[in-house]
file final09.pdb (PDB, C-alpha atoms)
MODEL        1
ATOM      1  CA  MET H 240      17.513  -6.144  -6.890
ATOM      2  CA  LYS H 241      15.139  -6.868  -4.022
ATOM      3  CA  PHE H 242      11.356  -7.456  -4.056
ATOM      4  CA  VAL H 243       9.247  -6.483  -1.043
ATOM      5  CA  SER H 244       5.473  -6.908  -0.781
ATOM      6  CA  LEU H 245       3.098  -5.606   1.870
ATOM      7  CA  ASN H 246       0.205  -7.511   3.448
ATOM      8  CA  THR H 247      -3.183  -6.105   4.451
ATOM      9  CA  GLU H 248      -1.774  -4.772   7.739
ATOM     10  CA  ASN H 249       0.825  -2.855   5.673
ATOM     11  CA  LYS H 250       3.556  -5.068   7.100
ATOM     12  CA  VAL H 251       6.260  -6.756   5.051
ATOM     13  CA  GLY H 252       4.837  -9.872   3.393
ATOM     14  CA  ASN H 253       7.401 -11.404   1.039
ATOM     15  CA  VAL H 254      11.013 -10.498   0.422
ATOM     16  CA  ILE H 255      12.925 -11.894  -2.552
ATOM     17  CA  GLU H 256      16.598 -11.030  -2.886
ATOM     18  CA  ASN H 257      19.256 -11.298  -5.592
ATOM     19  CA  ILE H 258      16.872 -10.636  -8.465
ATOM     20  CA  VAL H 259      18.750 -10.385 -11.751
ATOM     21  CA  ASN H 260      15.844 -10.116 -14.176
ATOM     22  CA  GLN H 261      12.328  -8.867 -13.565
ATOM     23  CA  THR H 262       9.184  -7.615 -15.244
ATOM     24  CA  SER H 263       6.784  -5.518 -13.218
ATOM     25  CA  LYS H 264       3.124  -4.843 -13.870
ATOM     26  CA  LEU H 265       0.476  -3.420 -11.579
ATOM     27  CA  ASP H 266      -0.789  -6.832 -10.485
ATOM     28  CA  GLN H 267       2.026  -9.154 -11.511
ATOM     29  CA  PHE H 268       5.724  -9.588 -10.871
ATOM     30  CA  VAL H 269       7.902 -11.994 -12.868
ATOM     31  CA  TYR H 270      11.461 -12.570 -11.741
ATOM     32  CA  THR H 271      14.624 -14.635 -11.923
ATOM     33  CA  THR H 272      17.187 -14.680  -9.115
ATOM     34  CA  ALA H 273      20.947 -15.095  -9.314
ATOM     35  CA  GLU H 274      20.390 -18.597  -7.938
ATOM     36  CA  GLY H 275      18.193 -19.466 -10.948
ATOM     37  CA  GLU H 276      14.854 -19.288  -9.134
ATOM     38  CA  TYR H 277      12.060 -18.212 -11.456
ATOM     39  CA  GLY H 278       8.689 -17.001 -10.249
ATOM     40  CA  VAL H 279       5.469 -15.282 -11.194
ATOM     41  CA  LEU H 280       3.672 -13.514  -8.363
ATOM     42  CA  SER H 281       0.206 -11.986  -8.495
ATOM     43  CA  GLY H 282      -2.827 -11.418  -6.287
ATOM     44  CA  PHE H 283      -1.050  -8.973  -4.015
ATOM     45  CA  GLN H 284      -2.995  -8.001  -0.909
ATOM     46  CA  VAL H 285      -1.655  -4.454  -1.029
ATOM     47  CA  GLY H 286       1.201  -4.193  -3.498
ATOM     48  CA  TYR H 287       4.932  -4.436  -3.874
ATOM     49  CA  CYS H 288       8.054  -2.561  -4.821
ATOM     50  CA  VAL H 289      11.445  -3.454  -6.198
ATOM     51  CA  GLY H 290      14.614  -1.712  -5.130
ATOM     52  CA  GLU H 291      18.341  -2.108  -4.941
ATOM     53  CA  ASP H 292      19.839  -4.991  -2.971
ATOM     54  CA  ASN H 293      20.426  -2.682  -0.002
ATOM     55  CA  LEU H 294      16.696  -1.837   0.284
ATOM     56  CA  ASP H 295      15.677  -2.276   3.926
ATOM     57  CA  PRO H 296      12.222  -3.941   3.942
ATOM     58  CA  VAL H 297      11.354  -2.048   7.153
ATOM     59  CA  THR H 298      11.437   1.210   5.163
ATOM     60  CA  VAL H 299       8.811  -0.029   2.676
ATOM     61  CA  THR H 300       5.568   1.801   3.422
ATOM     62  CA  PRO H 301       2.313   2.000   1.478
ATOM     63  CA  GLN H 302       3.522   5.329   0.062
ATOM     64  CA  VAL H 303       6.761   3.715  -1.194
ATOM     65  CA  VAL H 304       4.737   0.904  -2.795
ATOM     66  CA  ALA H 305       2.278   3.356  -4.365
ATOM     67  CA  ASP H 306       5.128   5.460  -5.765
ATOM     68  CA  TYR H 307       6.671   2.329  -7.275
ATOM     69  CA  LEU H 308       3.349   1.225  -8.802
ATOM     70  CA  LYS H 309       2.392   4.628 -10.282
ATOM     71  CA  PRO H 310       3.990   4.008 -13.705
ATOM     72  CA  TYR H 311       2.250   0.647 -13.950
ATOM     73  CA  LYS H 312      -1.113   2.189 -13.091
ATOM     74  CA  ILE H 313      -0.510   4.831 -15.746
ATOM     75  CA  GLU H 314       0.307   2.078 -18.249
ATOM     76  CA  GLU H 315      -2.953   0.316 -17.357
ATOM     77  CA  LEU H 316      -4.946   3.536 -17.820
ATOM     78  CA  GLN H 317      -3.249   4.180 -21.187
ATOM     79  CA  GLU H 318      -4.273   0.695 -22.325
ATOM     80  CA  GLN H 319      -7.860   1.340 -21.183
ATOM     81  CA  CYS H 320      -7.910   4.659 -23.028
ATOM     82  CA  ASN H 321      -6.592   3.072 -26.229
ATOM     83  CA  LEU H 322      -9.233   0.347 -26.044
ATOM     84  CA  ILE H 323     -12.017   2.883 -25.579
ATOM     85  CA  VAL H 324     -10.762   5.005 -28.490
ATOM     86  CA  ALA H 325     -10.491   1.918 -30.716
ATOM     87  CA  SER H 326     -13.992   0.746 -29.746
ATOM     88  CA  GLY H 327     -15.235   3.867 -31.460
ATOM     89  CA  PHE H 328     -18.206   6.139 -31.215
ATOM     90  CA  GLU H 329     -21.749   6.712 -32.371
ATOM     91  CA  TYR H 330     -22.145   9.683 -34.671
ATOM     92  CA  MET H 331     -25.090  12.090 -34.475
ATOM     93  CA  ASN H 332     -26.897  10.325 -37.349
ATOM     94  CA  GLY H 333     -26.780   6.946 -35.575
ATOM     95  CA  ASP H 334     -23.855   5.539 -37.563
ATOM     96  CA  LYS H 335     -21.342   3.748 -35.364
ATOM     97  CA  PHE H 336     -17.634   3.743 -36.119
ATOM     98  CA  LEU H 337     -14.635   1.859 -34.877
ATOM     99  CA  TYR H 338     -11.762   4.291 -34.296
ATOM    100  CA  GLY H 339      -8.602   2.241 -33.934
ATOM    101  CA  ALA H 340      -5.359   3.015 -35.740
ATOM    102  CA  ASP H 341      -6.570   1.538 -39.044
ATOM    103  CA  GLN H 342      -9.803   3.520 -38.999
ATOM    104  CA  GLN H 343      -8.009   6.743 -38.040
ATOM    105  CA  ASN H 344      -5.622   6.117 -40.928
ATOM    106  CA  ASP H 345      -8.560   5.581 -43.281
ATOM    107  CA  PHE H 346     -10.160   8.856 -42.135
ATOM    108  CA  SER H 347      -6.858  10.681 -42.727
ATOM    109  CA  GLN H 348      -6.445   9.206 -46.205
ATOM    110  CA  LYS H 349      -9.962  10.237 -47.151
ATOM    111  CA  GLN H 350      -9.310  13.766 -45.847
ATOM    112  CA  ILE H 351      -6.210  13.983 -48.022
ATOM    113  CA  LEU H 352      -8.174  12.762 -51.041
ATOM    114  CA  LEU H 353     -10.750  15.488 -50.459
ATOM    115  CA  LEU H 354      -8.013  18.115 -50.197
ATOM    116  CA  LEU H 355      -6.128  16.934 -53.271
ATOM    117  CA  ASN H 356      -9.173  16.392 -55.436
ATOM    118  CA  PRO H 357     -11.688  19.268 -55.150
ATOM    119  CA  ALA H 358     -13.900  17.550 -57.738
ATOM    120  CA  LEU H 359     -14.471  14.659 -55.331
ATOM    121  CA  THR H 360     -17.870  15.225 -53.752
ATOM    122  CA  THR H 361     -18.391  12.046 -51.704
ATOM    123  CA  VAL H 362     -16.365   9.427 -49.857
ATOM    124  CA  GLN H 363     -17.354   5.968 -48.731
ATOM    125  CA  VAL H 364     -16.999   5.154 -45.045
ATOM    126  CA  GLN H 365     -17.314   1.791 -43.284
ATOM    127  CA  THR H 366     -19.705   1.873 -40.343
ATOM    128  CA  LYS H 367     -20.140  -0.787 -37.651
ATOM    129  CA  ASN H 368     -23.902  -0.877 -37.916
ATOM    130  CA  ASN H 369     -24.896   0.321 -41.393
ATOM    131  CA  GLY H 370     -22.235  -1.108 -43.713
ATOM    132  CA  ILE H 371     -20.523   1.161 -46.189
ATOM    133  CA  LYS H 372     -22.136   4.588 -46.494
ATOM    134  CA  LYS H 373     -21.477   7.581 -48.682
ATOM    135  CA  TYR H 374     -20.792  10.905 -47.017
ATOM    136  CA  THR H 375     -20.667  14.222 -48.828
ATOM    137  CA  ARG H 376     -17.566  16.348 -48.476
ATOM    138  CA  GLN H 377     -19.141  18.492 -45.724
ATOM    139  CA  GLU H 378     -20.718  15.512 -43.965
ATOM    140  CA  PHE H 379     -17.346  13.807 -43.872
ATOM    141  CA  ILE H 380     -15.589  16.918 -42.559
ATOM    142  CA  ASN H 381     -18.218  17.092 -39.787
ATOM    143  CA  LEU H 382     -17.726  13.387 -39.056
ATOM    144  CA  VAL H 383     -13.939  13.781 -38.812
ATOM    145  CA  THR H 384     -14.367  16.793 -36.534
ATOM    146  CA  TYR H 385     -16.684  14.766 -34.294
ATOM    147  CA  ALA H 386     -14.262  11.809 -34.273
ATOM    148  CA  ASN H 387     -11.371  14.074 -33.310
ATOM    149  CA  GLU H 388     -13.411  15.612 -30.482
ATOM    150  CA  PHE H 389     -14.236  12.098 -29.261
ATOM    151  CA  LYS H 390     -10.563  11.123 -29.186
ATOM    152  CA  ASP H 391      -9.394  14.486 -27.778
ATOM    153  CA  GLN H 392     -11.804  14.220 -24.837
ATOM    154  CA  LEU H 393     -10.545  10.739 -24.038
ATOM    155  CA  MET H 394      -6.931  11.865 -24.267
ATOM    156  CA  GLN H 395      -7.705  14.823 -21.989
ATOM    157  CA  ARG H 396      -9.246  12.437 -19.453
ATOM    158  CA  LEU H 397      -6.105  10.310 -19.597
ATOM    159  CA  ASP H 398      -3.887  13.360 -19.187
ATOM    160  CA  ASP H 399      -5.927  14.502 -16.168
ATOM    161  CA  LEU H 400      -5.605  11.068 -14.535
ATOM    162  CA  ILE H 401      -1.862  10.909 -15.179
ATOM    163  CA  GLN H 402      -1.441  14.368 -13.680
ATOM    164  CA  LYS H 403      -3.505  13.342 -10.639
ATOM    165  CA  ILE H 404      -1.431  10.190 -10.154
ATOM    166  CA  ASN H 405       1.870  12.049 -10.464
ATOM    167  CA  GLU H 406       0.806  14.832  -8.092
ATOM    168  CA  THR H 407      -0.776  12.643  -5.404
ATOM    169  CA  GLU H 408       1.165  11.145  -2.516
ATOM    170  CA  TYR H 409      -0.857   8.025  -1.817
ATOM    171  CA  SER H 410      -0.849   6.726   1.737
ATOM    172  CA  ASP H 411      -3.204   3.952   0.680
ATOM    173  CA  VAL H 412      -2.209   1.779  -2.287
ATOM    174  CA  GLN H 413      -5.855   0.786  -2.847
ATOM    175  CA  GLU H 414      -6.708   4.398  -3.638
ATOM    176  CA  LEU H 415      -4.237   4.243  -6.534
ATOM    177  CA  ARG H 416      -5.458   0.807  -7.630
ATOM    178  CA  ASN H 417      -9.106   1.963  -7.618
ATOM    179  CA  LEU H 418      -8.564   4.696 -10.212
ATOM    180  CA  THR H 419     -10.315   3.779 -13.443
ATOM    181  CA  PHE H 420     -10.187   5.464 -16.796
ATOM    182  CA  VAL H 421     -13.897   6.118 -16.921
ATOM    183  CA  GLU H 422     -16.979   4.487 -15.450
ATOM    184  CA  ASP H 423     -19.350   5.685 -18.162
ATOM    185  CA  VAL H 424     -17.898   6.426 -21.608
ATOM    186  CA  SER H 425     -21.067   8.253 -22.666
ATOM    187  CA  ILE H 426     -20.094  11.216 -20.464
ATOM    188  CA  LEU H 427     -17.166  11.826 -22.794
ATOM    189  CA  MET H 428     -19.135  11.847 -26.046
ATOM    190  CA  PRO H 429     -19.178  15.160 -27.887
ATOM    191  CA  ASP H 430     -22.448  17.023 -27.605
ATOM    192  CA  ALA H 431     -24.724  16.595 -30.591
ATOM    193  CA  GLU H 432     -25.249  19.993 -32.160
TER
ENDMDL
END

call {"tool": "encode", "arguments": {"input": "final09.pdb", "output": "structure tokens"}}
result
Amino acid sequence: MKFVSLNTENKVGNVIENIVNQTSKLDQFVYTTAEGEYGVLSGFQVGYCVGEDNLDPVTVTPQVVADYLKPYKIEELQEQCNLIVASGFEYMNGDKFLYGADQQNDFSQKQILLLLNPALTTVQVQTKNNGIKKYTRQEFINLVTYANEFKDQLMQRLDDLIQKINETEYSDVQELRNLTFVEDVSILMPDAE
């Protein structure tokens, strides 16, 4: 495998050949060569790509680099989305909830309890700001609906960004790098009704 980076003039910066093991991320490249050289590169002026040993560095353009980095940008955006989902939401009554995997699991278990036990009229829910609170059956159903809308809107935003990345032919790597999941999470909150 061969590593090629571009500098700010979009000219070939570094070339590393005979790579036998590598890990790529958007802003980091870790490698080992057949000669036993080990390295960690980061702080790229523009970006980099990795190709087969016969890759001609002269053919590496910003578009080639951007195409190579797309999956790593998508991975970064997925991580941002997951963090935002897990950080939770504020419900219409002012209660704040974490919404990571454990909390989503807890919501699902409580939904199942309500379905399996019609005599159950309330469930207890852990909030971030008000401790444990009791919610009636209908209040909890409304809360779960709100939580699902919160997550669905974030997932739709992620899907839109992934589609944009996959459909765009970037001539400027910085344009790809500058994509963020969301500047202001509040724009994705479900409307209070």

call {"tool": "closest_residue", "arguments": {"input": "final09.pdb", "among": "H:Ile371, H:Phe328, H:Gln413, H:Asp292", "to": "Asn387 (chain H)", "atoms": "all atoms listed in the file"}}
result
H:Phe328

call {"tool": "atom_distance", "arguments": {"input": "final09.pdb", "atom1": "CA of Val251 (chain H)", "atom2": "CA of Pro296 (chain H)"}}
result
6.7 Å

call {"tool": "resolve_selection", "arguments": {"input": "final09.pdb", "expression": "the PyMOL selection byres ((chain H and resi 375) around 12)", "output": "VMD selection string"}}
result
chain H and resid 349 to 350 353 358 to 364 372 to 374 376 to 382

call {"tool": "closest_residue", "arguments": {"input": "final09.pdb", "among": "H:Leu337, H:Glu388, H:Val289, H:Ile404", "to": "Val303 (chain H)", "atoms": "all atoms listed in the file"}}
result
H:Val289

call {"tool": "closest_residue", "arguments": {"input": "final09.pdb", "among": "H:Val299, H:Ala386, H:Ala273, H:Leu265", "to": "Gly252 (chain H)", "atoms": "all atoms listed in the file"}}
result
H:Val299

call {"tool": "atom_distance", "arguments": {"input": "final09.pdb", "atom1": "CA of Glu248 (chain H)", "atom2": "CA of Thr419 (chain H)"}}
result
24.4 Å

call {"tool": "resolve_selection", "arguments": {"input": "final09.pdb", "expression": "the PyMOL selection byres ((chain H and resi 390) around 12)", "output": "NGL selection string"}}
result
:H and (320-328 or 337-340 or 343 or 383-389 or 391-397 or 424 or 427-429)

call {"tool": "write_last_selection", "arguments": {"input": "final09.pdb", "atoms": "C-alpha atoms", "output": "PDB file, keeping the file's coordinate frame"}}
result
ATOM      1  CA  CYS H 320      -7.910   4.659 -23.028  1.00  0.00           C
ATOM      2  CA  ASN H 321      -6.592   3.072 -26.229  1.00  0.00           C
ATOM      3  CA  LEU H 322      -9.233   0.347 -26.044  1.00  0.00           C
ATOM      4  CA  ILE H 323     -12.017   2.883 -25.579  1.00  0.00           C
ATOM      5  CA  VAL H 324     -10.762   5.005 -28.490  1.00  0.00           C
ATOM      6  CA  ALA H 325     -10.491   1.918 -30.716  1.00  0.00           C
ATOM      7  CA  SER H 326     -13.992   0.746 -29.746  1.00  0.00           C
ATOM      8  CA  GLY H 327     -15.235   3.867 -31.460  1.00  0.00           C
ATOM      9  CA  PHE H 328     -18.206   6.139 -31.215  1.00  0.00           C
ATOM     10  CA  LEU H 337     -14.635   1.859 -34.877  1.00  0.00           C
ATOM     11  CA  TYR H 338     -11.762   4.291 -34.296  1.00  0.00           C
ATOM     12  CA  GLY H 339      -8.602   2.241 -33.934  1.00  0.00           C
ATOM     13  CA  ALA H 340      -5.359   3.015 -35.740  1.00  0.00           C
ATOM     14  CA  GLN H 343      -8.009   6.743 -38.040  1.00  0.00           C
ATOM     15  CA  VAL H 383     -13.939  13.781 -38.812  1.00  0.00           C
ATOM     16  CA  THR H 384     -14.367  16.793 -36.534  1.00  0.00           C
ATOM     17  CA  TYR H 385     -16.684  14.766 -34.294  1.00  0.00           C
ATOM     18  CA  ALA H 386     -14.262  11.809 -34.273  1.00  0.00           C
ATOM     19  CA  ASN H 387     -11.371  14.074 -33.310  1.00  0.00           C
ATOM     20  CA  GLU H 388     -13.411  15.612 -30.482  1.00  0.00           C
ATOM     21  CA  PHE H 389     -14.236  12.098 -29.261  1.00  0.00           C
ATOM     22  CA  ASP H 391      -9.394  14.486 -27.778  1.00  0.00           C
ATOM     23  CA  GLN H 392     -11.804  14.220 -24.837  1.00  0.00           C
ATOM     24  CA  LEU H 393     -10.545  10.739 -24.038  1.00  0.00           C
ATOM     25  CA  MET H 394      -6.931  11.865 -24.267  1.00  0.00           C
ATOM     26  CA  GLN H 395      -7.705  14.823 -21.989  1.00  0.00           C
ATOM     27  CA  ARG H 396      -9.246  12.437 -19.453  1.00  0.00           C
ATOM     28  CA  LEU H 397      -6.105  10.310 -19.597  1.00  0.00           C
ATOM     29  CA  VAL H 424     -17.898   6.426 -21.608  1.00  0.00           C
ATOM     30  CA  LEU H 427     -17.166  11.826 -22.794  1.00  0.00           C
ATOM     31  CA  MET H 428     -19.135  11.847 -26.046  1.00  0.00           C
ATOM     32  CA  PRO H 429     -19.178  15.160 -27.887  1.00  0.00           C
TER      33      PRO H 429
END

call {"tool": "closest_residue", "arguments": {"input": "final09.pdb", "among": "H:Asn417, H:Thr300, H:Gln402, H:Asn253", "to": "Lys241 (chain H)", "atoms": "only C-alpha atoms"}}
result
H:Asn253

call {"tool": "resolve_selection", "arguments": {"input": "final09.pdb", "expression": "the PyMOL selection byres ((chain H and resi 335) around 8)", "output": "MDAnalysis selection string"}}
result
chainID H and resid 327:330 333:334 336:337 366:369

call {"tool": "axis_aligned_box", "arguments": {"input": "final09.pdb", "around": "region 373-388 of chain H", "padding_each_side": "3 Å", "output": "JSON"}}
result
{"center_x": -16.4, "center_y": 13.0, "center_z": -39.7, "size_x": 16.1, "size_y": 16.9, "size_z": 24.3}
